[in-house]
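Below is one structure, written out as structure tokens, with a few remarks after it.
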Amino acid sequence: MEYGSNLSPLTSGGNKAVSFATREARKFGEDKWVAQVEGDTGLGRWAVAVFSVFDGNRGAHVSTLLQKRLVKEMHKHLQSAQRQGLKPSTPSALEAAYVQLDKESSNRHKRWGRFSSAPAGGSTATTVIIQHRQRRAASKYQVVVASVGDSRAVMYAVDRTAAQWQQLSNDHTAERPMESMRVQLAGAQVGRGGAGGDVGPLRVYPGGLVITR
């Protein structure tokens with residue numbers, strides 16, 4: 001997505017059940033997204049809408065990989081479960097897709113990292129999947145959310161009197177005590193910037209990233 005005053009026009013899409021709006025991404029930007037609705041979700045009957053945001057860092061190679069492959073990997077896992085006579089699980093397929101693409105991006109850096117001294121690039125990944133559930137005479141929707149990094153998913157609910165919001169994902173940053181402890185136990189260091197080490201948010205070193213995943 002673009003930031004600043006020169007924003008591209010909004011483009012709307014969707015159907016009677018789900019609607020959305022997007023802005024055209026910068027041609028050479030690191031950030032990517034997926035917005036697919038019924039008939040074009042890539043997940044067939046398992047979803048009526050799939051939305052993902054990938055905030056790339058130090059290049060667009062990981063965010064582009066996620067944009068191109070995440071839904072395909074999910075679909076592959078759902079089909080595999082069905083062939084084995086198991087009940088397809090969207091949360092399990094989403095988790096498996098995240099793990100698979102994380103391994104691929106890490107292996108790619110290991111293969112090519114020896115040719116560059118630059119730190120490895122990466123990306124956040126936040127995915128929201130809307131499923132249709134037919135319960136007897138009632139028609140309901142189920143929302144499945146997965147997130148890595150700090151691209152936050154928020155749900156707004158509007159009624160006749162007020163609008164309320166609910167955070168659907170947790171930010172994986174060093175400001176969260178459990179995340180800070182986890183990365184330090186893994187061998188990383190956590191601290192703030194500035195000459196006195198007391199400026200800005202907590203960051204993870206080496207690398208100096210705010211996010212911990």
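Chains: A, B, ... in order of the structure tokens. Residues: from 1 per chain. Ligands: from 1, in order shown.
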Exercise. Determine, counting only C-alpha atoms, which protein, DNA and RNA residues have an atom within 10 Å of an atom of Met74 (chain A); residues of the same chain fewer than 3 positions away are not included. Present the result as a list in words.
Key: Gly42, Leu43, Arg69, Leu70, Val71, His77, Leu78, Gln79, Ser80, Ser89, Thr90, Pro91, Ser92, Ala93, Leu94, Glu95, Ala96, Ala97, Tyr98 and Gln100 of chain A
Self-check item: Sel. of helix (DSSP H, G or I) residues, region 36-211 of chain A, as a ChimeraX atom specification
Solution: /A:44-46,61-83,90-115,177-185
Quiz item: Nearest to Gly149 (chain A): which of A:Gln36, A:Gln167, A:Asn57, A:Gln82 is it, counting only C-alpha atoms?
Solution: A:Asn57
List the neighbours of Leu209 (chain A) out to 10 Å using only C-alpha atoms; skip same-chain residues closer than 5 positions along the sequence, and give me the result as a CSV table (one decimal) with C-alpha atoms, in the first residue's frame.
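See part_23.csv below for the written result:
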chain,number,residue,atom,x,y,z
A,57,ASN,CA,11.4,-6.0,4.6
A,173,THR,CA,7.2,-7.5,18.7
A,174,ALA,CA,9.9,-7.3,21.4
A,190,VAL,CA,16.9,-7.1,22.7
A,201,PRO,CA,10.9,0.8,20.5
A,202,LEU,CA,12.7,-2.4,21.6
A,203,ARG,CA,14.5,-4.1,18.7
A,204,VAL,CA,16.0,-7.5,18.1
Exercise. Could you check how far CA of Ser106 (chain A) sits from CA of Val183 (chain A), in Å to one decimal?
Key: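 That distance, rounded to one decimal, is 17.1 Å.
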Exercise. Could you give me, as JSON, numbers by chain, the residues within 12 Å of Lys103 (chain A), counting only C-alpha atoms and dropping anything in the same chain fewer than 4 positions from it?
Key: {"A": [62, 65, 66, 96, 97, 98, 99, 107, 108, 109, 110, 122]}
Selection to disk with C-alpha atoms, as a CSV table (one decimal), in the first residue's frame:
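Result file result.csv:
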chain,number,residue,atom,x,y,z
A,62,VAL,CA,9.6,-13.0,0.4
A,65,LEU,CA,6.7,-15.5,-2.7
A,66,LEU,CA,3.8,-15.4,-0.1
A,96,ALA,CA,1.0,-25.7,7.2
A,97,ALA,CA,1.2,-23.2,4.4
A,98,TYR,CA,2.9,-20.6,6.7
A,99,VAL,CA,5.4,-23.2,7.9
A,107,ASN,CA,16.4,-22.1,2.5
A,108,ARG,CA,16.6,-19.7,-0.3
A,109,HIS,CA,18.6,-17.3,1.9
A,110,LYS,CA,20.9,-20.0,2.9
A,122,GLY,CA,11.6,-11.2,5.2
Practice problem: To one decimal in Å, tell me the separation between CA of Glu104 (chain A) and CA of Glu175 (chain A). | Solution: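 Answer for the CA of Glu104 (chain A) to CA of Glu175 (chain A) separation: 28.0 Å.
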Quiz item: CA of Gln189 (chain A) and CA of Ala125 (chain A) are how many Å apart?
Solution: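 Between CA of Gln189 (chain A) and CA of Ala125 (chain A) the gap is 23.4 Å.
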